[in-house]
$ cat input.pdb   # PDB, C-alpha atoms
ATOM      1  CA  MET A   5      -5.666 -21.219  -1.505
ATOM      2  CA  ILE A   6      -3.202 -18.343  -1.113
ATOM      3  CA  VAL A   7      -2.099 -18.730  -4.738
ATOM      4  CA  ALA A   8      -5.742 -18.628  -5.857
ATOM      5  CA  ALA A   9      -6.266 -15.490  -3.754
ATOM      6  CA  MET A  10      -3.185 -13.884  -5.313
ATOM      7  CA  LEU A  11      -4.402 -14.724  -8.843
ATOM      8  CA  THR A  12      -7.850 -13.308  -8.017
ATOM      9  CA  LEU A  13      -6.237 -10.082  -6.861
ATOM     10  CA  ALA A  14      -4.111  -9.991 -10.041
ATOM     11  CA  VAL A  15      -7.068 -10.544 -12.391
ATOM     12  CA  GLY A  16      -9.310  -8.154 -10.454
ATOM     13  CA  THR A  17      -6.650  -5.448 -10.464
ATOM     14  CA  TYR A  18      -6.128  -5.882 -14.210
ATOM     15  CA  LEU A  19      -9.874  -5.521 -14.842
ATOM     16  CA  ILE A  20      -9.997  -2.350 -12.691
ATOM     17  CA  ARG A  21      -7.082  -0.938 -14.708
ATOM     18  CA  LEU A  22      -8.718  -1.920 -17.987
ATOM     19  CA  SER A  23     -12.123  -0.445 -17.189
ATOM     20  CA  GLY A  24     -10.867   3.163 -16.993
ATOM     21  CA  PRO A  25      -9.595   3.433 -20.585
ATOM     22  CA  LEU A  26     -12.618   1.451 -21.842
ATOM     23  CA  LEU A  27     -15.152   3.662 -20.043
ATOM     24  CA  ARG A  28     -13.393   6.961 -20.648
ATOM     25  CA  LYS A  29     -15.313   7.853 -23.771
ATOM     26  CA  ARG A  30     -18.680   6.925 -22.294
ATOM     27  CA  ILE A  31     -18.850   8.330 -18.773
ATOM     28  CA  THR A  32     -17.350  11.144 -16.744
ATOM     29  CA  PHE A  33     -16.350  10.306 -13.209
ATOM     30  CA  PRO A  34     -17.302  12.914 -10.582
ATOM     31  CA  PRO A  35     -14.200  14.288  -8.823
ATOM     32  CA  THR A  36     -15.810  13.683  -5.415
ATOM     33  CA  ALA A  37     -15.970   9.933  -6.145
ATOM     34  CA  GLU A  38     -12.337   9.998  -7.234
ATOM     35  CA  LYS A  39     -11.390  11.767  -4.005
ATOM     36  CA  LEU A  40     -13.344   9.178  -1.996
ATOM     37  CA  LEU A  41     -11.400   6.303  -3.585
ATOM     38  CA  ASP A  42      -8.108   8.094  -2.816
ATOM     39  CA  THR A  43      -9.145   8.644   0.783
ATOM     40  CA  SER A  44     -10.330   5.051   1.233
ATOM     41  CA  ALA A  45      -6.879   3.811   0.191
ATOM     42  CA  VAL A  46      -5.235   6.121   2.765
ATOM     43  CA  VAL A  47      -7.711   5.006   5.464
ATOM     44  CA  LEU A  48      -7.024   1.303   4.776
ATOM     45  CA  LEU A  49      -3.259   1.756   4.784
ATOM     46  CA  THR A  50      -3.268   3.885   7.955
ATOM     47  CA  ALA A  51      -5.308   1.181   9.676
ATOM     48  CA  LEU A  52      -2.759  -1.358   8.422
ATOM     49  CA  VAL A  53       0.047   0.685  10.025
ATOM     50  CA  ALA A  54      -1.834   0.940  13.331
ATOM     51  CA  VAL A  55      -2.760  -2.742  13.470
ATOM     52  CA  THR A  56       0.647  -4.107  12.446
ATOM     53  CA  ALA A  57       2.530  -1.666  14.698
ATOM     54  CA  LEU A  58       0.459  -2.113  17.849
ATOM     55  CA  THR A  59      -1.040  -5.602  17.828
ATOM     56  CA  GLU A  60       0.067  -9.214  17.572
ATOM     57  CA  GLY A  61      -2.690 -11.765  17.012
ATOM     58  CA  SER A  62      -5.630 -10.474  19.049
ATOM     59  CA  GLY A  63      -3.532  -8.781  21.771
ATOM     60  CA  PRO A  64      -0.999  -5.944  22.036
ATOM     61  CA  ALA A  65       2.497  -6.202  20.506
ATOM     62  CA  ASP A  66       5.644  -5.870  22.620
ATOM     63  CA  ALA A  67       6.645  -2.222  23.199
ATOM     64  CA  ALA A  68       9.801  -2.442  21.061
ATOM     65  CA  ARG A  69       7.851  -2.586  17.794
ATOM     66  CA  PRO A  70       5.658   0.549  18.136
ATOM     67  CA  VAL A  71       8.648   2.530  19.434
ATOM     68  CA  GLY A  72      10.637   1.549  16.328
ATOM     69  CA  VAL A  73       7.735   2.460  14.035
ATOM     70  CA  LEU A  74       7.382   5.805  15.845
ATOM     71  CA  VAL A  75      11.075   6.587  15.275
ATOM     72  CA  GLY A  76      10.636   5.793  11.583
ATOM     73  CA  GLY A  77       7.470   7.900  11.420
ATOM     74  CA  VAL A  78       9.137  10.952  12.985
ATOM     75  CA  LEU A  79      12.054  10.672  10.551
ATOM     76  CA  ALA A  80       9.645  10.347   7.610
ATOM     77  CA  TRP A  81       7.649  13.363   8.819
ATOM     78  CA  ARG A  82      10.908  15.356   8.849
ATOM     79  CA  LYS A  83      11.451  14.165   5.267
ATOM     80  CA  ALA A  84      14.466  11.959   5.964
ATOM     81  CA  PRO A  85      15.368   9.610   3.079
ATOM     82  CA  PHE A  86      13.083   6.594   2.777
ATOM     83  CA  MET A  87      15.836   4.033   3.379
ATOM     84  CA  ALA A  88      17.018   5.859   6.538
ATOM     85  CA  THR A  89      13.524   5.901   8.058
ATOM     86  CA  VAL A  90      12.907   2.210   7.447
ATOM     87  CA  LEU A  91      16.326   1.087   8.672
ATOM     88  CA  ALA A  92      16.058   3.332  11.764
ATOM     89  CA  ALA A  93      12.710   1.735  12.633
ATOM     90  CA  ALA A  94      14.102  -1.806  12.356
ATOM     91  CA  ALA A  95      17.331  -0.889  14.215
ATOM     92  CA  THR A  96      15.465   0.785  17.096
ATOM     93  CA  THR A  97      13.237  -2.245  17.587
ATOM     94  CA  ALA A  98      16.163  -4.666  17.332
ATOM     95  CA  LEU A  99      18.200  -2.659  19.892
ATOM     96  CA  LEU A 100      15.295  -2.444  22.358
ATOM     97  CA  ARG A 101      14.926  -6.244  22.172
ATOM     98  CA  LEU A 102      18.625  -6.686  22.969
ATOM     99  CA  LEU A 103      18.279  -4.708  26.214
TER
ATOM    100  CA  MET B  19      12.278   7.123  -8.590
ATOM    101  CA  CYS B  20      13.166   3.547  -9.571
ATOM    102  CA  LEU B  21      15.587   3.446  -6.634
ATOM    103  CA  ALA B  22      12.753   4.210  -4.193
ATOM    104  CA  VAL B  23      10.661   1.481  -5.834
ATOM    105  CA  GLY B  24      13.636  -0.883  -5.577
ATOM    106  CA  VAL B  25      14.185  -0.212  -1.866
ATOM    107  CA  THR B  26      10.488  -0.631  -1.114
ATOM    108  CA  SER B  27      10.368  -3.889  -3.053
ATOM    109  CA  VAL B  28      13.385  -5.290  -1.170
ATOM    110  CA  SER B  29      11.565  -4.713   2.126
ATOM    111  CA  TYR B  30       8.388  -6.151   0.600
ATOM    112  CA  GLY B  31      10.246  -9.333  -0.399
ATOM    113  CA  ALA B  32      11.938  -9.657   2.996
ATOM    114  CA  ILE B  33       8.687  -9.064   4.874
ATOM    115  CA  SER B  34       6.758 -11.605   2.759
ATOM    116  CA  VAL B  35       9.301 -14.326   3.501
ATOM    117  CA  ALA B  36       9.418 -13.323   7.171
ATOM    118  CA  SER B  37       5.647 -13.797   7.398
ATOM    119  CA  GLY B  38       6.010 -17.385   6.189
ATOM    120  CA  LEU B  39       5.307 -17.108   2.440
ATOM    121  CA  PRO B  40       7.572 -19.005  -0.004
ATOM    122  CA  PHE B  41      10.391 -16.929  -1.596
ATOM    123  CA  TRP B  42       8.865 -17.024  -5.101
ATOM    124  CA  PHE B  43       5.533 -15.662  -3.883
ATOM    125  CA  PRO B  44       6.403 -11.928  -3.603
ATOM    126  CA  VAL B  45       8.167 -12.087  -6.991
ATOM    127  CA  VAL B  46       5.217 -13.694  -8.804
ATOM    128  CA  MET B  47       2.688 -11.480  -7.047
ATOM    129  CA  GLY B  48       4.855  -8.421  -7.758
ATOM    130  CA  THR B  49       4.808  -9.228 -11.489
ATOM    131  CA  LEU B  50       1.141 -10.202 -11.792
ATOM    132  CA  VAL B  51      -0.480  -7.657  -9.461
ATOM    133  CA  LEU B  52       2.141  -4.895  -9.861
ATOM    134  CA  ALA B  53       0.536  -2.602  -7.287
ATOM    135  CA  GLY B  54       2.740  -2.267  -4.188
ATOM    136  CA  SER B  55       0.381  -1.106  -1.473
ATOM    137  CA  SER B  56      -2.199  -3.812  -2.248
ATOM    138  CA  GLU B  57       0.571  -6.425  -2.080
ATOM    139  CA  PHE B  58       1.744  -5.104   1.289
ATOM    140  CA  LEU B  59      -1.837  -5.238   2.516
ATOM    141  CA  PHE B  60      -2.274  -8.782   1.162
ATOM    142  CA  VAL B  61       0.943 -10.006   2.792
ATOM    143  CA  GLY B  62       0.074  -8.183   6.034
ATOM    144  CA  ILE B  63      -3.297  -9.903   6.318
ATOM    145  CA  VAL B  64      -2.226 -13.375   5.158
ATOM    146  CA  GLY B  65       1.026 -13.218   7.160
ATOM    147  CA  ALA B  66      -0.912 -12.480  10.347
ATOM    148  CA  GLY B  67      -3.016 -15.596   9.711
ATOM    149  CA  GLY B  68      -5.981 -13.742   8.242
ATOM    150  CA  SER B  69      -8.387 -15.040   5.642
ATOM    151  CA  PRO B  70      -7.160 -14.882   2.006
ATOM    152  CA  ILE B  71     -10.626 -13.612   1.036
ATOM    153  CA  ALA B  72     -10.262 -10.590   3.326
ATOM    154  CA  ALA B  73      -6.775 -10.081   1.827
ATOM    155  CA  VAL B  74      -8.192 -10.077  -1.730
ATOM    156  CA  LEU B  75     -11.045  -7.708  -0.811
ATOM    157  CA  ALA B  76      -8.713  -5.251   0.915
ATOM    158  CA  GLY B  77      -6.272  -5.449  -2.016
ATOM    159  CA  LEU B  78      -8.992  -4.819  -4.609
ATOM    160  CA  LEU B  79     -10.308  -1.893  -2.605
ATOM    161  CA  VAL B  80      -6.869  -0.279  -2.460
ATOM    162  CA  ASN B  81      -6.466  -0.875  -6.199
ATOM    163  CA  SER B  82      -9.844   0.637  -7.034
ATOM    164  CA  ARG B  83      -8.038   3.967  -7.428
ATOM    165  CA  HIS B  84      -6.777   2.652 -10.781
ATOM    166  CA  LEU B  85     -10.279   3.146 -12.178
ATOM    167  CA  PRO B  86     -10.148   6.965 -11.988
ATOM    168  CA  TYR B  87      -6.479   6.752 -13.051
ATOM    169  CA  GLY B  88      -7.587   5.026 -16.240
ATOM    170  CA  LEU B  89     -10.273   7.647 -16.792
ATOM    171  CA  ALA B  90      -7.810  10.503 -16.325
ATOM    172  CA  LEU B  91      -5.002   8.958 -18.378
ATOM    173  CA  PRO B  92      -4.296  10.664 -21.706
ATOM    174  CA  ASP B  93      -4.224   8.488 -24.818
ATOM    175  CA  VAL B  94      -0.867   6.791 -24.202
ATOM    176  CA  LEU B  95      -1.737   3.111 -24.437
ATOM    177  CA  GLY B  96      -1.818   2.587 -28.217
ATOM    178  CA  SER B  97      -3.750  -0.373 -29.551
ATOM    179  CA  GLY B  98      -3.623  -4.177 -29.833
ATOM    180  CA  TRP B  99      -1.120  -6.041 -27.596
ATOM    181  CA  ARG B 100       0.563  -2.773 -26.650
ATOM    182  CA  ARG B 101      -2.697  -1.654 -25.110
ATOM    183  CA  LEU B 102      -3.062  -4.920 -23.158
ATOM    184  CA  LEU B 103       0.442  -4.575 -21.697
ATOM    185  CA  GLY B 104       0.072  -0.807 -21.240
ATOM    186  CA  VAL B 105      -2.996  -1.286 -19.048
ATOM    187  CA  HIS B 106      -0.984  -3.568 -16.738
ATOM    188  CA  LEU B 107       1.727  -0.884 -16.357
ATOM    189  CA  MET B 108      -0.757   1.623 -14.911
ATOM    190  CA  ASN B 109       0.505   2.693 -11.461
ATOM    191  CA  ASP B 110       0.639   5.818  -9.287
ATOM    192  CA  GLU B 111       3.988   6.995 -10.649
ATOM    193  CA  ALA B 112       3.361   6.222 -14.340
ATOM    194  CA  VAL B 113       0.028   8.082 -14.303
ATOM    195  CA  VAL B 114       1.582  11.142 -12.626
ATOM    196  CA  PHE B 115       4.391  11.112 -15.213
ATOM    197  CA  ALA B 116       1.917  10.812 -18.103
ATOM    198  CA  LEU B 117      -0.174  13.697 -16.745
ATOM    199  CA  THR B 118       2.702  16.086 -16.051
ATOM    200  CA  ARG B 119       5.445  15.474 -18.633
ATOM    201  CA  LYS B 120       5.692  16.892 -22.135
ATOM    202  CA  ASP B 121       5.780  13.519 -23.877
ATOM    203  CA  PRO B 122       3.024  11.579 -22.037
ATOM    204  CA  ALA B 123       3.281   8.284 -23.944
ATOM    205  CA  ARG B 124       7.053   8.019 -23.593
ATOM    206  CA  SER B 125       7.011   9.027 -19.892
ATOM    207  CA  TYR B 126       4.228   6.567 -19.137
ATOM    208  CA  TRP B 127       5.924   3.610 -20.819
ATOM    209  CA  THR B 128       9.424   4.359 -19.483
ATOM    210  CA  CYS B 129       8.142   4.653 -15.921
ATOM    211  CA  GLY B 130       5.767   1.677 -16.241
ATOM    212  CA  ILE B 131       8.402  -0.698 -17.636
ATOM    213  CA  GLY B 132      10.944   0.573 -15.104
ATOM    214  CA  VAL B 133       8.602  -0.383 -12.260
ATOM    215  CA  LEU B 134       7.759  -3.727 -13.933
ATOM    216  CA  LEU B 135      11.486  -4.576 -13.828
ATOM    217  CA  CYS B 136      12.511  -2.987 -10.481
ATOM    218  CA  TRP B 137       9.609  -4.199  -8.363
ATOM    219  CA  PRO B 138       9.853  -8.016  -8.880
ATOM    220  CA  LEU B 139      13.682  -7.950  -8.978
ATOM    221  CA  GLY B 140      13.818  -6.032  -5.694
ATOM    222  CA  ALA B 141      11.287  -8.445  -4.203
ATOM    223  CA  LEU B 142      13.507 -11.378  -5.260
ATOM    224  CA  LEU B 143      16.525  -9.744  -3.603
ATOM    225  CA  GLY B 144      14.485  -9.054  -0.460
ATOM    226  CA  ALA B 145      13.135 -12.612  -0.365
ATOM    227  CA  GLY B 146      16.715 -13.920  -0.622
ATOM    228  CA  LEU B 147      17.873 -11.676   2.232
ATOM    229  CA  GLY B 148      14.792 -12.525   4.310
ATOM    230  CA  SER B 149      15.342 -16.278   3.886
ATOM    231  CA  ALA B 150      18.940 -15.950   5.105
ATOM    232  CA  VAL B 151      17.814 -14.503   8.436
ATOM    233  CA  SER B 152      16.864 -17.077  11.070
ATOM    234  CA  ASP B 153      14.829 -14.861  13.419
ATOM    235  CA  PRO B 154      13.383 -11.843  11.588
ATOM    236  CA  ASN B 155      12.027 -10.330  14.807
ATOM    237  CA  ALA B 156      15.523 -10.094  16.334
ATOM    238  CA  LEU B 157      16.437  -7.721  13.479
ATOM    239  CA  GLY B 158      13.267  -5.679  13.973
ATOM    240  CA  LEU B 159      11.840  -6.675  10.583
ATOM    241  CA  ASP B 160       8.349  -6.665  12.112
ATOM    242  CA  ALA B 161       8.772  -2.918  12.790
ATOM    243  CA  MET B 162       9.993  -2.414   9.226
ATOM    244  CA  PHE B 163       6.623  -3.323   7.713
ATOM    245  CA  PRO B 164       4.487  -0.626   9.401
ATOM    246  CA  ALA B 165       7.372   1.863   9.027
ATOM    247  CA  VAL B 166       7.476   1.281   5.245
ATOM    248  CA  ILE B 167       3.733   1.819   4.836
ATOM    249  CA  LEU B 168       3.796   4.840   7.142
ATOM    250  CA  ALA B 169       6.602   6.476   5.154
ATOM    251  CA  LEU B 170       4.711   5.826   1.915
ATOM    252  CA  ILE B 171       1.391   7.316   3.076
ATOM    253  CA  LEU B 172       2.786  10.277   5.062
ATOM    254  CA  PRO B 173       2.591  12.660   2.079
ATOM    255  CA  SER B 174      -1.167  11.910   1.853
ATOM    256  CA  LEU B 175      -1.577  12.291   5.624
ATOM    257  CA  ARG B 176      -0.290  15.875   5.504
ATOM    258  CA  ASP B 177      -3.708  16.743   4.054
ATOM    259  CA  ALA B 178      -6.201  17.116   6.933
ATOM    260  CA  ARG B 179      -9.086  15.904   4.759
ATOM    261  CA  ALA B 180      -7.345  12.527   4.470
ATOM    262  CA  ARG B 181      -5.710  12.552   7.903
ATOM    263  CA  ARG B 182      -8.898  12.834   9.956
ATOM    264  CA  PRO B 183     -10.749   9.838   8.496
ATOM    265  CA  ALA B 184      -7.449   7.908   8.397
ATOM    266  CA  LEU B 185      -6.820   8.408  12.124
ATOM    267  CA  LEU B 186     -10.427   7.628  12.962
ATOM    268  CA  GLY B 187     -10.203   4.490  10.794
ATOM    269  CA  ALA B 188      -7.032   3.429  12.612
ATOM    270  CA  VAL B 189      -8.816   3.761  15.967
ATOM    271  CA  ILE B 190     -11.809   1.768  14.667
ATOM    272  CA  ALA B 191      -9.486  -0.976  13.405
ATOM    273  CA  LEU B 192      -7.593  -1.163  16.722
ATOM    274  CA  VAL B 193     -10.827  -1.411  18.708
ATOM    275  CA  CYS B 194     -11.970  -4.247  16.433
ATOM    276  CA  VAL B 195      -8.732  -6.279  16.713
ATOM    277  CA  PRO B 196      -9.696  -8.258  19.856
ATOM    278  CA  VAL B 197     -13.168  -9.119  18.547
ATOM    279  CA  LEU B 198     -12.854  -9.603  14.752
ATOM    280  CA  PRO B 199     -10.807 -12.212  12.817
ATOM    281  CA  VAL B 200      -7.507 -10.935  11.322
ATOM    282  CA  GLY B 201      -8.017  -8.775   8.235
ATOM    283  CA  LEU B 202     -11.543  -7.655   9.014
ATOM    284  CA  PRO B 203     -10.505  -4.801  11.371
ATOM    285  CA  LEU B 204      -8.816  -3.222   8.336
ATOM    286  CA  LEU B 205     -12.027  -3.355   6.321
ATOM    287  CA  ALA B 206     -13.926  -2.004   9.358
ATOM    288  CA  SER B 207     -11.685   1.083   9.280
ATOM    289  CA  LEU B 208     -13.572   2.167   6.149
ATOM    290  CA  ALA B 209     -16.537   3.003   8.395
ATOM    291  CA  ALA B 210     -14.578   6.209   9.053
ATOM    292  CA  LEU B 211     -15.453   7.254   5.501
ATOM    293  CA  ALA B 212     -19.124   7.385   6.461
ATOM    294  CA  VAL B 213     -18.439  10.365   8.715
ATOM    295  CA  LEU B 214     -16.122  11.945   6.143
ATOM    296  CA  PRO B 215     -18.747  14.448   4.903
ATOM    297  CA  LEU B 216     -19.093  15.778   8.474
ATOM    298  CA  PHE B 217     -15.342  16.339   8.671
ATOM    299  CA  ASN B 218     -15.287  18.077   5.317
ATOM    300  CA  ARG B 219     -18.158  20.379   6.240
ATOM    301  CA  LYS B 220     -16.285  21.458   9.380
ATOM    302  CA  VAL B 221     -13.155  22.175   7.338
ATOM    303  CA  VAL B 222     -15.171  24.253   4.865
ATOM    304  CA  GLU B 223     -16.925  26.166   7.641
ATOM    305  CA  ARG B 224     -13.650  26.938   9.339
ATOM    306  CA  GLY B 225     -12.210  28.018   6.004
ATOM    307  CA  GLN B 226     -15.052  30.497   5.507
ATOM    308  CA  ALA B 227     -14.949  31.884   9.035
TER
END
$ encode --input "input.pdb" --output "structure tokens"
Amino acid sequence: MIVAAMLTLAVGTYLIRLSGPLLRKRITFPPTAEKLLDTSAVVLLTALVAVTALTEGSGPADAARPVGVLVGGVLAWRKAPFMATVLAAAATTALLRLL
Amino acid sequence: MCLAVGVTSVSYGAISVASGLPFWFPVVMGTLVLAGSSEFLFVGIVGAGGSPIAAVLAGLLVNSRHLPYGLALPDVLGSGWRRLLGVHLMNDEAVVFALTRKDPARSYWTCGIGVLLCWPLGALLGAGLGSAVSDPNALGLDAMFPAVILALILPSLRDARARRPALLGAVIALVCVPVLPVGLPLLASLAALAVLPLFNRKVVERGQA
């Protein structure tokens, strides 16, 4: 089932990629629609961050996880290197669980 | 650039294995889908026990941005089998390179093939590391996943026109978590886009004042 879902995503993504070059000569895409697609991706991914950082199943996650994510987020906002932000998030959460 | 892709893919591989998927899965998906954020979303939903259908829908929605990419892309794909492979290489970085560099075709292909190699190889490395760890939560790997996505989308969130609907969407998703099956709260976040025109009008009005 999961493999079938993955293959569906792969084929669907390929068709989305293919349709742009095929359609290019026939239609012009309004910039507002383009902007909407960009924004919808950001909305989905921000929701993913919120849900995976703050919840576990249908309840709240333990406090260590959101604190770690917050540390990573602050570092990323201050433009720290990508690897540093991600490792700091994991390390903070791991340390809080040790306490 | 490839280094950043490599680091992201290592965490993607480790996270996939930590959420219970077999070690080959992130590598195969990385090669066949070749679109990082949709794969993270897919693994996030499936790993949390969500429906694979919701995972596919969310992934396709995130990848819908490749449609305007393809429309904006200069003529770099060539023809025949080159075109078929070239289409698969279309990603955020390759399109930006093709649009901004002097030699669009060469930039596009170099970047695209670089990502095609780095992404699955990094995922394999990450899956290996992830399998070696007995309790991923003790190492804080569960915090790594949201931190990775957050770091990747922060540049977009600096723009208020994206930040407002994104924050509203996050609130909608969180409210839906106790009542909707896993995966669906993420799709519900898109309701924030319905009020997007209101936000934009306010921004414009303030800009004129």
$ atom_distance --input "input.pdb" --atom1 "CA of Leu11 in chain A" --atom2 "CA of Val46 in chain B"
9.7 Å
$ residues_around --input "input.pdb" --residues "range 62-64 of chain B" --least-positions-apart "4" --cutoff "8 Å" --atoms "only C-alpha atoms" --output "PyMOL selection string"
(chain A and resi 52+56) or (chain B and resi 58+68-70+72-73+200-201)
$ resolve_selection --input "input.pdb" --expression "the PyMOL selection byres ((chain A and resi 12-25) around 8)" --output "list in words"
Ala8, Ala9, Met10, Leu11, Leu26, Leu27, Arg28 and Lys29 of chain A; Met47, Leu50, Val51, Val74, Gly77, Leu78, Asn81, Ser82, His84, Leu85, Pro86, Tyr87, Gly88, Leu89, Ala90, Leu91, Val105, His106 and Met108 of chain B
$ atom_distance --input "input.pdb" --atom1 "CA of Ala209 in chain B" --atom2 "CA of Val47 in chain A"
9.5 Å
$ atom_distance --input "input.pdb" --atom1 "CA of Phe115 in chain B" --atom2 "CA of Thr26 in chain B"
19.3 Å
$ closest_residue --input "input.pdb" --among "A:Val7, A:Leu58, A:Phe86, A:Ala94" --to "Pro70 in chain A" --atoms "all atoms listed in the file"
A:Leu58
$ closest_residue --input "input.pdb" --among "A:Thr97, A:Thr43, A:Ala88, A:Gly61" --to "Leu74 in chain A" --atoms "all atoms listed in the file"
A:Thr97
$ closest_residue --input "input.pdb" --among "B:Leu172, B:Leu143, B:Val80, B:Ala32" --to "Ser55 in chain B" --atoms "only C-alpha atoms"
B:Val80
$ closest_residue --input "input.pdb" --among "B:Leu95, B:Leu186, B:Ala53, B:Ala161" --to "Ala92 in chain A" --atoms "all atoms listed in the file"
B:Ala161
$ resolve_selection --input "input.pdb" --expression "the PyMOL selection byres ((chain B and resi 37) around 8)" --output "PDB file with C-alpha atoms, in the frame of the given file"
ATOM      1  CA  ILE B  33       8.687  -9.064   4.874  1.00  0.00           C
ATOM      2  CA  SER B  34       6.758 -11.605   2.759  1.00  0.00           C
ATOM      3  CA  VAL B  35       9.301 -14.326   3.501  1.00  0.00           C
ATOM      4  CA  ALA B  36       9.418 -13.323   7.171  1.00  0.00           C
ATOM      5  CA  GLY B  38       6.010 -17.385   6.189  1.00  0.00           C
ATOM      6  CA  LEU B  39       5.307 -17.108   2.440  1.00  0.00           C
ATOM      7  CA  VAL B  61       0.943 -10.006   2.792  1.00  0.00           C
ATOM      8  CA  GLY B  65       1.026 -13.218   7.160  1.00  0.00           C
ATOM      9  CA  ALA B  66      -0.912 -12.480  10.347  1.00  0.00           C
TER      10      ALA B  66
END
$ resolve_selection --input "input.pdb" --expression "the PyMOL selection byres ((chain A and resi 67) around 10)" --output "VMD selection string"
chain A and resid 57 to 59 64 to 66 68 to 72 97 100 to 101
$ closest_residue --input "input.pdb" --among "B:Ala123, B:Ile71, B:Leu214, B:Ala156" --to "Ala178 in chain B" --atoms "only C-alpha atoms"
B:Leu214
$ residues_around --input "input.pdb" --residues "Arg83 in chain B" --least-positions-apart "6" --cutoff "8 Å" --atoms "all atoms listed in the file" --output "PyMOL selection string"
chain A and resi 38+41-42+45
$ closest_residue --input "input.pdb" --among "B:Ala112, B:Leu102, B:Leu147, B:Val213" --to "chain A" --atoms "all atoms listed in the file"
B:Leu102
$ axis_aligned_box --input "input.pdb" --around "range 91-94 of chain A" --padding-each-side "8 Å" --output "lines of an AutoDock Vina configuration file"
center_x = 14.5
center_y = 0.8
center_z = 10.7
size_x = 19.6
size_y = 21.1
size_z = 20.0
$ decode --input "input.pdb" --residues "range 71-87 of chain A" --atoms "N, CA and C atoms" --output "PDB file, in the first residue's frame"
ATOM      1  N   VAL A  71      10.637  22.523  22.422  1.00  0.00           N
ATOM      2  CA  VAL A  71      11.737  23.390  22.859  1.00  0.00           C
ATOM      3  C   VAL A  71      12.933  23.219  21.905  1.00  0.00           C
ATOM      4  N   GLY A  72      13.243  21.967  21.558  1.00  0.00           N
ATOM      5  CA  GLY A  72      14.335  21.714  20.620  1.00  0.00           C
ATOM      6  C   GLY A  72      14.080  22.367  19.274  1.00  0.00           C
ATOM      7  N   VAL A  73      12.850  22.223  18.764  1.00  0.00           N
ATOM      8  CA  VAL A  73      12.502  22.812  17.466  1.00  0.00           C
ATOM      9  C   VAL A  73      12.635  24.331  17.532  1.00  0.00           C
ATOM     10  N   LEU A  74      12.210  24.910  18.678  1.00  0.00           N
ATOM     11  CA  LEU A  74      12.290  26.366  18.852  1.00  0.00           C
ATOM     12  C   LEU A  74      13.748  26.840  18.793  1.00  0.00           C
ATOM     13  N   VAL A  75      14.635  26.089  19.476  1.00  0.00           N
ATOM     14  CA  VAL A  75      16.061  26.439  19.444  1.00  0.00           C
ATOM     15  C   VAL A  75      16.568  26.413  17.995  1.00  0.00           C
ATOM     16  N   GLY A  76      16.209  25.366  17.267  1.00  0.00           N
ATOM     17  CA  GLY A  76      16.609  25.283  15.863  1.00  0.00           C
ATOM     18  C   GLY A  76      16.044  26.437  15.050  1.00  0.00           C
ATOM     19  N   GLY A  77      14.775  26.786  15.309  1.00  0.00           N
ATOM     20  CA  GLY A  77      14.124  27.856  14.563  1.00  0.00           C
ATOM     21  C   GLY A  77      14.790  29.200  14.792  1.00  0.00           C
ATOM     22  N   VAL A  78      15.147  29.485  16.068  1.00  0.00           N
ATOM     23  CA  VAL A  78      15.812  30.753  16.381  1.00  0.00           C
ATOM     24  C   VAL A  78      17.158  30.824  15.670  1.00  0.00           C
ATOM     25  N   LEU A  79      17.910  29.708  15.706  1.00  0.00           N
ATOM     26  CA  LEU A  79      19.210  29.690  15.030  1.00  0.00           C
ATOM     27  C   LEU A  79      19.038  29.916  13.529  1.00  0.00           C
ATOM     28  N   ALA A  80      18.012  29.273  12.940  1.00  0.00           N
ATOM     29  CA  ALA A  80      17.788  29.416  11.500  1.00  0.00           C
ATOM     30  C   ALA A  80      17.399  30.853  11.164  1.00  0.00           C
ATOM     31  N   TRP A  81      16.581  31.469  12.035  1.00  0.00           N
ATOM     32  CA  TRP A  81      16.160  32.850  11.814  1.00  0.00           C
ATOM     33  C   TRP A  81      17.374  33.782  11.831  1.00  0.00           C
ATOM     34  N   ARG A  82      18.366  33.439  12.684  1.00  0.00           N
ATOM     35  CA  ARG A  82      19.585  34.254  12.756  1.00  0.00           C
ATOM     36  C   ARG A  82      20.594  33.797  11.710  1.00  0.00           C
ATOM     37  N   LYS A  83      20.136  32.983  10.768  1.00  0.00           N
ATOM     38  CA  LYS A  83      20.937  32.558   9.620  1.00  0.00           C
ATOM     39  C   LYS A  83      22.173  31.746  10.009  1.00  0.00           C
ATOM     40  N   ALA A  84      22.036  30.927  11.049  1.00  0.00           N
ATOM     41  CA  ALA A  84      23.099  29.978  11.382  1.00  0.00           C
ATOM     42  C   ALA A  84      23.140  28.910  10.286  1.00  0.00           C
ATOM     43  N   PRO A  85      24.284  28.223  10.130  1.00  0.00           N
ATOM     44  CA  PRO A  85      24.346  27.175   9.093  1.00  0.00           C
ATOM     45  C   PRO A  85      23.286  26.106   9.322  1.00  0.00           C
ATOM     46  N   PHE A  86      22.786  25.548   8.230  1.00  0.00           N
ATOM     47  CA  PHE A  86      21.708  24.573   8.269  1.00  0.00           C
ATOM     48  C   PHE A  86      22.016  23.408   9.218  1.00  0.00           C
ATOM     49  N   MET A  87      23.221  22.841   9.073  1.00  0.00           N
ATOM     50  CA  MET A  87      23.585  21.679   9.881  1.00  0.00           C
ATOM     51  C   MET A  87      23.559  22.033  11.371  1.00  0.00           C
TER      52      MET A  87
END
